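A.B. asks: Take a look at this one; I'll ask things after.
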Amino acid sequence: MNQKNLPLRSLSGWVIALSLWLGLATAHAQITEKPEYGSFIIENVDIYPVTSDVIEGGVVVVKDGIIEHVGSNVKPDLSGDVSRIDGSGHRLYPGFIDSETQLGLNEIGAVAVTIDAAEVGSVNPEMIAQTAVNPGSVSIPVTRVDGVTNVIAAPVSGLVSGTGSLIDLYGYTPEAMSIDQRAGIYLNWPSSSKRGWWDSRSEKEIQDDYNEAVDQIDELFDDARAYHKMWQTVESGELDEQPDVNAKMEAMRYLFTQEARLVVRVNREKDIVAALEWATHQDDLSFVFSGVSEGWRVADEIAAADIPVIATALVTPSRSSDHYARPYQNAGLMADAGVHVSLSTFNTENVRNLPFHAGYAATYGMGIEEALKAVTINPAELWGVDDKLGSIDVGKHANLILVDGDPFETTSSIKDVFIRGYRVPMVSRHTQLNDEFLDRDVTN
Amino acid sequence: MKRNDRMGEASLCFWMILFLGSALTATAQTTLPSYGVQGVNVIQSDGTIKSDQTIHWAEGIIRRVSSSETLPSSARILVEGDSLLIVPAFIDGLNHSGLPDAEDPSSYGTPDRPSDPTYDRAGIQPHRLPESEFDVSHSSVAAHQSAGFGAINSSHPGRMMPGQSSLFFTQAEETFSGFESPLYESALGFVFQFEGAGGRAYPATDMAIMARFKQLLYDAEALQQHINYVEGPGAEQMETPQRDAVLESLFPLLNGEKPLMASVESPEDAERVLMLADEFDFPVIFATDADLSPIAPKLVQSATPVLFRFEKPEAPDWIQKETEETEPVENTANESVAADNADDAATDESNSESEQEPDEELSEEEQAFRARQASAWEAKKGALRTMLDAGLMIGVHGYNGNDKDFFEALRFYHEEGEVTSQELLNILSSNTAMILGIERLGTLTEGSVANMIVINGQDWLSEDATRLFTVSNGHVITIDND
Amino acid sequence: MTTQNLTTLKGLLTALFLLSFTSVLAQPTTYDGPQSVLIKNGLVKTITQGDLPNTDVYIVNGIIQEIGQDLSVPTNTPVIDATDKVVMPGIVDAHSHLNTVSTNEATSPVTSEITIKESIDPNDVAIYHALAGGVTSINLMHGSANVIGARNATLKLRYGADQFGLQFQEAPQTIKFALGENPTRVHGQGTGVQPRTRMGVERVIRDIFDDAIEYDRKRETYLEQKAAHERRPNRVALPVPVAKNLRLEVISDIIEGDILVHCHSYRADEIMMLVNVFKDYGVENYTFQHANEGFKVAPELAEAGANASVFSDWWAYKFEVYYSTAYNAAILHENGVNTSINSDSNELIRHLNHEAAKVVRYGGISENDALKMITINPAKQLGIDEYVGSLEVGKHGDVSIWSADPLSIYAVNEMTLVDGQVLFNRKTDAPDARLDRAISHDQSFDDLQSEVSESIRGRQDDACMEDAFKLFESGHQSEQSHNY
């Protein structure tokens, strides 16, 4: 047991110790420990609500999955079965939200049969990520014990990849994990440049391919818009006839009702500009741009278009002539220009590194406060769930993390994680393998 | 400038073509005729220009170069007149002309053992000589003729070691059974390039090509020794070695008797080849279109020459645009005195707009980018000058068959790259001959091979000069100028 | 940080000289050879001898001459004021493909005759990016397509030097081995030659080792007999020549202990296989690269004296790394295995300090031990700990200077020195750090966008399978589809 730096967390810690001692836990076992649910009082804790000032030595009360009280250190009178958690020397934050991952969809990168993020076909808005989210994915506990409580699970392939879903990283069924199964529809913006060193297309071919793809997008959205209007007419009773139902077009209707956002994946300056131009002709859609690795170059334009973005920090510079730190600075430069920025790892198994992306963005210009928003309240606003997630406010979901220091600091440790009021076991494959092998029996 | 003035004063050209018909049908004759030019200007490789010269050649050899002499009566006068210029014919230091194309690599399958393909599959064919397949009537050779090339050092195209190169004339006697051999000298060197086997076969990468090359020479070394032992005394009991045509062909390279003719794309590649040369101690001739001046000291020290490929580099878009924009402005300004006022104003306005607007919009980043690119462009233009100044011996290779492009590239290096036309002429003729070790080519002296270009004009490099004939091995080739 | 003294007269002259040719001085500082400099009054993390507050590091001609407080040095010595800064040794990355021309010769299961020293691209701006992350030495490796890959090149990141100048001359030769999925996929699955399995992988190693021993005997006998014949031609018969075989000679050098093995490996069983093979052939002092399951056999590795060079947290991108833990490095360390954290990535190499900090998070090892994992420990694995990896008198003046504790996410690398020369200076370097010789004369500014990677997703597979995929993609799809 490698617990020398981690004080055993009262009961649950002893449960692990005991089960190990009994030889019950094996390397490949499922997480046997159950979460705690009910009422919690987290006291003597420094509260970072994000939407308001830090409360030092405060108290947060969680009941039935909801934050019931946030305040200074006055102990509220709670009757019944209440777990008291001493947060002395610790900080309490809302759980972090990663706005684009393949968590739950992909299990092992190189094993094709475990990859559920990429459906066949070019236009697949009716493919909904949530249905393929595997609640038993080994990566999910690995992610949440490091403080990420919510992610978007998003499909990746084709022109329109599918519909991404916002989930809690706790639950035994996709439905239980679901917050919004139709958070956004993903459009991979066609590129007007070479795709990489291996792209042998001529300039003309590239331009032709690009034009063709944009035409295809225009046609798709024209059709979808017409379909939506037609059904609006039907639904309002103005049309007697029942037109045929088309699953793809039905899925697209959520865009026009503003229930789902259109998430445009676009990275290069030229392509961002083109996508911005296209967006001006689609004023009935709610846009998000994702990736935007060259967003800093056109930050003012993105801000003017009032399109929120999802960006990352730990990538290589996009051009060989770029400043070495540009990827770290990208999010901050956009935020400075007034762009609504959320941060993402764009990853699967290492979504746990989200706080470090925020840390780098913070260090290289974004500032800690803004970077914190970019992994909490900003994504909550982006996905229209700021009434449920993204800050420590009364009435919101109890998605909370207890940290022994600054959560962006690599050397800090996450001590407790609450998701929908469930105090989840601080156990993952990674901790289990550590527990089994740190002091391995050498004779065997 | 001086020459141009003289050109202006010169009488209109009234050169004559005598025996033109004979020249064209000369190929049907069995003996090489005796030819001459008289009253012409001649440029020599030392830069001297002599006027009123007579050159007489017979059986492919220049018999006489002198002033105001008349040709022997037996000689046919090809041309005469002081509007004509004779320069040594060009020599292409390395090319694949006259030879069939290489196989399409995509047609290669994966060998049963990708790690150990046959020599042929790996592109290791140093035993291949081009003479049996060289076709002097091939269109690629005709293209060389009309550009002024009298000789080509040609090798098979291919991959890592596609063969040895041999020097051919660009014209040969046609007999009833075909052409006589245009071969001048066989097996000048071993062609080498960083070109993997293609598909999934060893070697695929540059580093593996290096390793494969070394192993070839180790194997050749052992085989040569074995053969020497067996052929010498005291080895009666020794088993005879298994013969290997590929390895045996490499002995001259191994023994430092023949050069490696290495086609490279960068100074780094050239350095890698020099590593091989250092280990095995053979001479190297580089064929490249890259600027090898960064490694000039190494090349000078090892007396390694460079065959340069002339291709006009493209200026960056924004420099091209600037040039296009500034030029019309100047013209407009000059003509504006007489021009209609309203038109003029409009032109000025649009020009100033197109000139200033992008500059204003240009980010600091892009300005810095341009400044650095401008330096890179200057370096590119000056590459040949830099290499010459560094003391490198430069010849030419890789004429691509398009004479317009070729002469444009030559003029580019002259006008933009500060290389004199004499230096260029030497690069194209005497230097290349020297690099290939061919003494009797590249100069117009008595006893040399009769390889020359007959040009109408006084500046061979000028766009206005017309090449009339290329003479290769004494054969007169009439250039079709439409 | 003040660097006023760094602009020496020579530098000024050079600047003027260059200005006369170009309007801007945009090229970053390029390597000029060993230099002298005084790094003054920093918090010096020696790594091997503790943290020294308010301490100077005096470098003379590229070598650390003195470490102490208030050092007096010749007046013309350039000074870097490191007050309130943290001075640590340059970071050593034991696994990189930073600037290879090509990475994998994926056509043969054994390619020991090849060397990455002949595949170094000295012009890649990635070298500067690594310097910006405080890295000064790397193990430039062959990929993992082959059971026995090429020999590697240990480099010092002397940005601006040529392919020879980048090489760490004093470093011993190392070679890449690779076990598991990559070689079995490339060769067995790809072209139907052994190995297709981990059984085959072991056979490939044992067979080539046996061949090398056999070769060595024959070649030595030949050379001895030849020499004897030359001395006494009449008494000693001529020997039949045995050609030098580069591939086998390198294997023989491995067995002799002249070449250090760095073996790409993941699973515990394959790691133990190689431990056993090496025991049989007497090979020692080797390093398991990646070793995601190294933690499972940490006591055995410690006993064998093997090293491990691992990722801080990468896992699950392929089946053989599914049973991984981010606690790997800590477990190996606690069991006494000399462990380093590597990048194997041109992105991670930019922040190896952050990667090392993860070992504190996952396993709670001391901060100095974490820093050792990116300095002295990898230096030991590369056999260069005599020269780099800590700040000690007599070692190379390879230094990085940080705004704060380098394990903090808020720490920024301010300067990186190689051989006493500042090759990265955050304050003064121009944004565009490309070398002049790497600048294309005709690529347009807009075209640079085509360099932007379309995908910014995480690691999908090994970086060290570069080139191998090129082969997979090169027109033999139908053939392969039978094999998959």
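Chain labels follow the order of the structure tokens: the first chain is A, the next B, and so on; residue numbering restarts at 1 in every chain, and ligands are counted from 1 in their shown order.
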Where in region 197-312 of chain A does DSSP assign helix (DSSP H, G or I), given as a PyMOL selection string?
C.D. replies: chain A and resi 203-235+247-256+269-280+295-305
A.B. asks: When you look at region 141-150 of chain B with a cut-off of 6 Å (counting only C-alpha atoms), what residues show up, excluding the ones that are within fewer than 4 positions of it in the same chain? I need them as a ChimeraX atom specification.
C.D. replies: /B:89-91,97-98,169-170,401,403,451,453,470,472,479
A.B. asks: Which residues of region 100-135 of chain C come within 9 Å of region 406-428 of chain C, and what is each one's closest atom pair and distance in Å (one decimal), counting only C-alpha atoms, sorted by chain and residue number, as JSON lines?
C.D. replies:
{"residue": "C:Tyr128", "atom": "CA", "partner": "C:Phe424", "partner_atom": "CA", "distance": 7.4}
{"residue": "C:Leu131", "atom": "CA", "partner": "C:Thr416", "partner_atom": "CA", "distance": 6.2}
{"residue": "C:Ala132", "atom": "CA", "partner": "C:Phe424", "partner_atom": "CA", "distance": 5.9}
{"residue": "C:Gly133", "atom": "CA", "partner": "C:Asn413", "partner_atom": "CA", "distance": 6.4}
{"residue": "C:Gly134", "atom": "CA", "partner": "C:Thr416", "partner_atom": "CA", "distance": 5.6}
{"residue": "C:Val135", "atom": "CA", "partner": "C:Thr416", "partner_atom": "CA", "distance": 7.7}
A.B. asks: Set the distance at 9 Å and use only C-alpha atoms: which residues neighbour region 372-382 of chain C once local chain neighbours fewer than 2 positions away are removed? I'd like the list as a ChimeraX atom specification.
C.D. replies: /C:47-48,89-94,137,139,154,171-174,260,262,285-287,307-309,329,338-342,352-353,355-356,367-370,384-390
A.B. asks: Can you spit out the residues from that selection as a short mmCIF file (atom, residue, chain, number, x, y, z; two decimals), in the first residue's frame, using C-alpha atoms?
C.D. replies:
data_model
loop_
_atom_site.label_atom_id
_atom_site.label_comp_id
_atom_site.auth_asym_id
_atom_site.auth_seq_id
_atom_site.Cartn_x
_atom_site.Cartn_y
_atom_site.Cartn_z
CA ILE C 47 20.19 16.92 -8.11
CA THR C 48 23.02 14.87 -6.63
CA PRO C 89 20.81 20.65 -14.94
CA GLY C 90 19.55 20.39 -18.49
CA ILE C 91 16.90 17.72 -18.87
CA VAL C 92 17.89 14.38 -20.41
CA ASP C 93 15.29 12.51 -22.48
CA ALA C 94 16.11 8.82 -22.79
CA SER C 137 20.43 15.82 -24.23
CA ASN C 139 18.48 9.59 -26.97
CA THR C 154 22.83 10.30 -28.20
CA ALA C 171 28.36 8.94 -25.11
CA PRO C 172 28.60 5.17 -25.50
CA GLN C 173 26.74 3.53 -28.37
CA THR C 174 23.21 2.34 -27.63
CA LEU C 260 23.91 -0.58 -24.37
CA HIS C 262 17.37 0.15 -24.88
CA ASN C 285 23.32 -2.68 -17.98
CA TYR C 286 20.29 -2.45 -20.23
CA THR C 287 17.18 -0.32 -20.13
CA ASN C 307 16.91 0.25 -15.85
CA ALA C 308 13.45 1.47 -16.80
CA SER C 309 12.53 4.52 -18.85
CA ALA C 329 7.55 4.90 -12.14
CA ASN C 338 16.91 3.19 -11.79
CA THR C 339 13.94 4.83 -13.49
CA SER C 340 13.56 7.74 -15.88
CA ILE C 341 10.59 9.55 -17.37
CA ASN C 342 10.82 9.94 -21.14
CA LEU C 352 9.25 16.80 -19.16
CA ASN C 353 9.40 18.73 -15.88
CA GLU C 355 5.80 14.77 -16.62
CA ALA C 356 8.23 14.21 -13.75
CA GLU C 367 10.57 16.06 -5.49
CA ASN C 368 14.31 15.54 -5.91
CA ASP C 369 13.77 11.91 -6.85
CA ALA C 370 11.23 13.09 -9.43
CA ILE C 384 26.55 9.87 -19.90
CA ASP C 385 26.13 10.48 -16.16
CA GLU C 386 29.81 11.28 -15.96
CA TYR C 387 29.14 14.38 -18.08
CA VAL C 388 25.54 15.53 -17.59
CA GLY C 389 22.47 14.97 -15.44
CA SER C 390 23.53 16.97 -12.40
#
A.B. asks: Write out as a PyMOL selection string all residues of region 250-436 of chain C that DSSP puts in strand (DSSP E or B) for this structure's backbone.
C.D. replies: chain C and resi 259-265+287-290+307-310+339-341+396+399-402+413-418+421-425
A.B. asks: For chain A versus chain C, which residues have an atom no more than 7 Å away, and what is each residue's nearest atom pair and distance in Å rounded to one decimal, using only C-alpha atoms, chain-then-number order, as a tab-separated table?
C.D. replies:
residue	atom	partner	partner_atom	distance
A:Asn2	CA	C:Gly363	CA	6.7
A:Asn5	CA	C:Gly364	CA	5.9
A:Ile108	CA	C:Ala316	CA	5.1
A:Gly109	CA	C:Tyr317	CA	4.1
A:Ala110	CA	C:Lys318	CA	4.6
A:Val111	CA	C:Lys318	CA	6.4
A:Ser193	CA	C:Ser450	CA	5.2
A:Lys194	CA	C:Ser450	CA	5.0
A:Arg195	CA	C:Glu454	CA	6.3
A:Gly196	CA	C:Ser450	CA	6.3
A:Asn267	CA	C:Glu454	CA	6.9
A:Arg268	CA	C:Gln449	CA	6.2
A:Val315	CA	C:Glu347	CA	5.9
A:Thr316	CA	C:Glu347	CA	5.3
A:Ser318	CA	C:Val452	CA	4.5
A:Arg319	CA	C:Glu451	CA	5.6
A:Ser320	CA	C:Val125	CA	6.6
A:Ser321	CA	C:Asp432	CA	4.6
A:Asp322	CA	C:Asp432	CA	5.7
A:His323	CA	C:Pro431	CA	4.2
A:Tyr324	CA	C:His129	CA	5.8
A:Phe346	CA	C:Arg457	CA	5.1
A:Asn347	CA	C:Gly458	CA	5.1
A:Glu349	CA	C:Ala316	CA	6.4
A:Gly359	CA	C:Ile409	CA	6.0
A:Tyr360	CA	C:Ile409	CA	6.6
A:Thr363	CA	C:Tyr410	CA	5.2
A:Glu409	CA	C:Ile409	CA	5.4
A:Thr410	CA	C:Ala357	CA	5.8
A:Thr411	CA	C:Arg361	CA	4.7
A:Ser412	CA	C:Arg361	CA	6.2
A:Ser413	CA	C:Arg361	CA	6.2
A:Arg429	CA	C:Thr325	CA	7.0
A:His430	CA	C:Thr325	CA	4.1
A:Leu433	CA	C:Thr325	CA	6.3
A:Asn434	CA	C:Tyr327	CA	5.9
A:Phe437	CA	C:Lys296	CA	6.0
A:Leu438	CA	C:Ile331	CA	5.2
A:Val442	CA	C:Pro299	CA	6.7
A.B. asks: Deliver the residues from the most recent selection as a file, using C-alpha atoms, as an mmCIF file, in the first residue's frame.
C.D. replies:
data_model
loop_
_atom_site.group_PDB
_atom_site.id
_atom_site.type_symbol
_atom_site.label_atom_id
_atom_site.label_comp_id
_atom_site.auth_asym_id
_atom_site.auth_seq_id
_atom_site.Cartn_x
_atom_site.Cartn_y
_atom_site.Cartn_z
ATOM 1 C CA ASN A 2 1.418 3.278 -1.011
ATOM 2 C CA ASN A 5 1.572 10.588 1.509
ATOM 3 C CA ILE A 108 -8.146 0.595 -26.447
ATOM 4 C CA GLY A 109 -6.846 2.862 -29.184
ATOM 5 C CA ALA A 110 -5.303 0.230 -31.451
ATOM 6 C CA VAL A 111 -8.002 -2.419 -31.003
ATOM 7 C CA SER A 193 -5.162 22.916 -47.064
ATOM 8 C CA LYS A 194 -3.122 19.767 -47.320
ATOM 9 C CA ARG A 195 -4.020 17.275 -44.645
ATOM 10 C CA GLY A 196 -0.385 16.564 -43.866
ATOM 11 C CA ASN A 267 -8.218 24.256 -36.628
ATOM 12 C CA ARG A 268 -6.464 26.236 -39.330
ATOM 13 C CA VAL A 315 -0.061 20.270 -28.311
ATOM 14 C CA THR A 316 2.838 21.209 -30.579
ATOM 15 C CA SER A 318 0.750 24.473 -35.469
ATOM 16 C CA ARG A 319 3.332 26.017 -37.809
ATOM 17 C CA SER A 320 7.079 25.614 -37.792
ATOM 18 C CA SER A 321 7.439 29.400 -37.587
ATOM 19 C CA ASP A 322 5.160 29.699 -34.559
ATOM 20 C CA HIS A 323 6.368 30.797 -31.164
ATOM 21 C CA TYR A 324 7.122 27.683 -29.127
ATOM 22 C CA PHE A 346 -9.482 16.008 -26.832
ATOM 23 C CA ASN A 347 -8.460 12.683 -25.401
ATOM 24 C CA GLU A 349 -7.715 7.611 -21.580
ATOM 25 C CA GLY A 359 -2.585 25.038 -15.635
ATOM 26 C CA TYR A 360 -0.514 25.628 -18.757
ATOM 27 C CA THR A 363 0.632 30.138 -16.724
ATOM 28 C CA GLU A 409 -0.625 21.796 -9.665
ATOM 29 C CA THR A 410 0.692 18.459 -10.871
ATOM 30 C CA THR A 411 1.881 17.514 -7.409
ATOM 31 C CA SER A 412 -1.478 18.102 -5.726
ATOM 32 C CA SER A 413 -3.749 15.193 -4.902
ATOM 33 C CA ARG A 429 -7.215 0.436 -12.269
ATOM 34 C CA HIS A 430 -4.193 2.616 -11.703
ATOM 35 C CA LEU A 433 -2.416 -1.992 -9.649
ATOM 36 C CA ASN A 434 -0.378 0.248 -7.385
ATOM 37 C CA PHE A 437 2.224 -4.346 -6.852
ATOM 38 C CA LEU A 438 3.958 -1.671 -4.785
ATOM 39 C CA VAL A 442 8.837 -11.410 -4.248
#
A.B. asks: Which residues come within 10 Å of His441 (chain C), counting only C-alpha atoms, excluding same-chain residues fewer than 3 positions away, as a PDB file with C-alpha atoms, in the first residue's frame?
C.D. replies:
ATOM      1  CA  PRO B 313      13.795  28.597 -58.792  1.00  0.00           C
ATOM      2  CA  GLU B 314      10.411  30.135 -58.133  1.00  0.00           C
ATOM      3  CA  ALA B 315      10.347  33.357 -56.195  1.00  0.00           C
ATOM      4  CA  PRO B 316       7.955  33.472 -53.244  1.00  0.00           C
ATOM      5  CA  ASP B 317       4.432  34.554 -54.220  1.00  0.00           C
ATOM      6  CA  ARG B 370       8.770  37.743 -45.303  1.00  0.00           C
ATOM      7  CA  ARG B 372      13.393  35.838 -43.425  1.00  0.00           C
ATOM      8  CA  GLN B 373      12.042  34.432 -46.656  1.00  0.00           C
ATOM      9  CA  ALA B 374      13.606  37.293 -48.573  1.00  0.00           C
ATOM     10  CA  SER B 375      16.979  36.234 -47.159  1.00  0.00           C
ATOM     11  CA  ALA B 376      16.288  32.654 -48.111  1.00  0.00           C
ATOM     12  CA  TRP B 377      15.389  33.804 -51.610  1.00  0.00           C
ATOM     13  CA  GLU B 378      18.599  35.813 -51.859  1.00  0.00           C
ATOM     14  CA  ALA B 379      20.556  32.765 -50.738  1.00  0.00           C
ATOM     15  CA  LYS B 380      18.774  30.615 -53.289  1.00  0.00           C
ATOM     16  CA  LYS B 381      19.574  33.049 -56.076  1.00  0.00           C
TER      17      LYS B 381
ATOM     18  CA  ARG C 437      18.979  27.019 -43.507  1.00  0.00           C
ATOM     19  CA  ALA C 438      15.580  25.497 -42.737  1.00  0.00           C
ATOM     20  CA  SER C 444       4.040  30.901 -48.817  1.00  0.00           C
TER      21      SER C 444
END
A.B. asks: Tell me which protein, DNA and RNA residues are within 6 Å of region 160-165 of chain A, counting only C-alpha atoms, leaving out same-chain ones fewer than 4 positions away, and put them as a PyMOL selection string.
C.D. replies: chain A and resi 123-125+127-130+152-156+180-187
A.B. asks: Restrict the selected residues to C-alpha atoms and save them as a compact mmCIF listing (two decimals), in the first residue's frame.
C.D. replies:
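New file selection.txt:
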# COMPACT_ATOMS: atom_id res chain seq x y z
CA VAL A 123 -23.42 12.19 -42.56
CA ASN A 124 -24.53 10.57 -39.30
CA PRO A 125 -26.32 13.11 -37.11
CA MET A 127 -25.78 8.45 -34.28
CA ILE A 128 -25.99 9.31 -30.60
CA ALA A 129 -22.88 8.86 -28.49
CA GLN A 130 -24.69 8.13 -25.27
CA ILE A 152 -18.79 15.22 -23.58
CA ALA A 153 -18.51 11.86 -25.30
CA ALA A 154 -18.32 12.75 -28.96
CA PRO A 155 -18.26 10.78 -32.21
CA VAL A 156 -15.42 11.60 -34.59
CA ASP A 180 -27.86 15.81 -22.08
CA GLN A 181 -27.72 13.11 -24.70
CA ARG A 182 -28.11 15.63 -27.53
CA ALA A 183 -25.57 18.21 -26.47
CA GLY A 184 -24.15 18.85 -29.89
CA ILE A 185 -23.89 17.61 -33.45
CA TYR A 186 -20.33 17.40 -34.76
CA LEU A 187 -19.35 18.82 -38.12
A.B. asks: What does the structure give for the distance between CA of Glu268 (chain B) and CA of Gln163 (chain C), in Å to one decimal?
C.D. replies: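 Result for CA of Glu268 (chain B) versus CA of Gln163 (chain C): 7.3 Å, one decimal.
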